[in-house]
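S.K.: Have a look at the structure that comes next, please.
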Amino acid sequence: MEKVRIDKWLWAARFYKTRSIAKQAIEGGKVHANGQRVKASKDIATGMLLTIRQGWDEKVVEVIALSDQRRGAEIAQTLYRETEDSLAKREQFAADRKASNANISHDRPNKKQRRQIHRFLRESQD
């Protein structure tokens, strides 16, 4: 294979579950090829760098092989290689996100804490 549509390749490489989701991500500006925004019909070739944003993560991958058929996860991982910088940034960002969430309590205040809040608010209004 010499060329494959980018939406087919993203689907075959298992970045997205369906081609239509891949197309929506491309049209939404979440996928860039060689630093440029692309259309779903763009043909990609080996050696291209793709920047893919999924949720909190942003991956920069190099296209190693082309495929327009979705296969197993082991085969899909042989189609690309994530850059070292991208991997390090993702791990650092995940660690920072985990550390910042450790300080946040998602529990509701109990009865005693509610009374303290109400008392504080009454005192601050006076």
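The chains in the structure tokens are called A, B, ... from first to last as shown; in each chain the residues are counted from 1, and the ligands are counted from 1 in the order shown.
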So that I can check the secondary structure, give me every residue of chain A assigned strand (DSSP E) by backbone DSSP, as a list of chain:residue names.

M.R.: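 The strand (DSSP E) residues within chain A come out as A:Val4, A:Arg5, A:Val31, A:His32, A:Ala33, A:Gln36, A:Arg37, A:Asp43, A:Ile44, A:Leu49, A:Leu50, A:Thr51, A:Ile52, A:Arg53, A:Gln54, A:Asp57, A:Glu58, A:Lys59, A:Val60, A:Val61, A:Glu62, A:Val63, A:Tyr80, A:Arg81, A:Glu82.
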
S.K.: So that I can see what lies close to segment 66-68 of chain A, please list as a list in words the residues with an atom at most 12 Å from it, counting only C-alpha atoms and leaving out residues fewer than 4 positions away in the same chain.

M.R.: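 That gives Met1, Glu2, Lys3, Val4, Arg5, Ile6, Asp7, Lys8, Trp9, Leu10, Trp11, Ala12, Ala13, Arg14, Arg19, Asp43, Ile44, Ala45, Thr46, Gly47, Met48, Glu62, Ile75, Ala76, Gln77, Thr78, Leu79 and Tyr80 of chain A.
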
S.K.: Which residues are near Lys30 of chain A? Cut-off 6 Å, only C-alpha atoms, ignore same chain within fewer than 2 positions. Put them as number ranges by chain.

M.R.: A: 25-26, 28, 52-53

S.K.: Using only C-alpha atoms, pick whichever of A:Ile64, A:Ile117, A:Ile21, A:Ala73 has the shortest atom-to-atom distance to Ala40 of chain A.

M.R.: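 Under the stated criterion, the closest residue is A:Ile21.
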
S.K.: Within 10 Å of segment 85-93 of chain A, counting only C-alpha atoms, which residues qualify if same-chain residues fewer than 6 places away don't, as a list in words?

M.R.: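 The filter keeps Thr51, Trp56, Asp57, Glu58, Lys59, Val60, Val61 and Ala99 of chain A.
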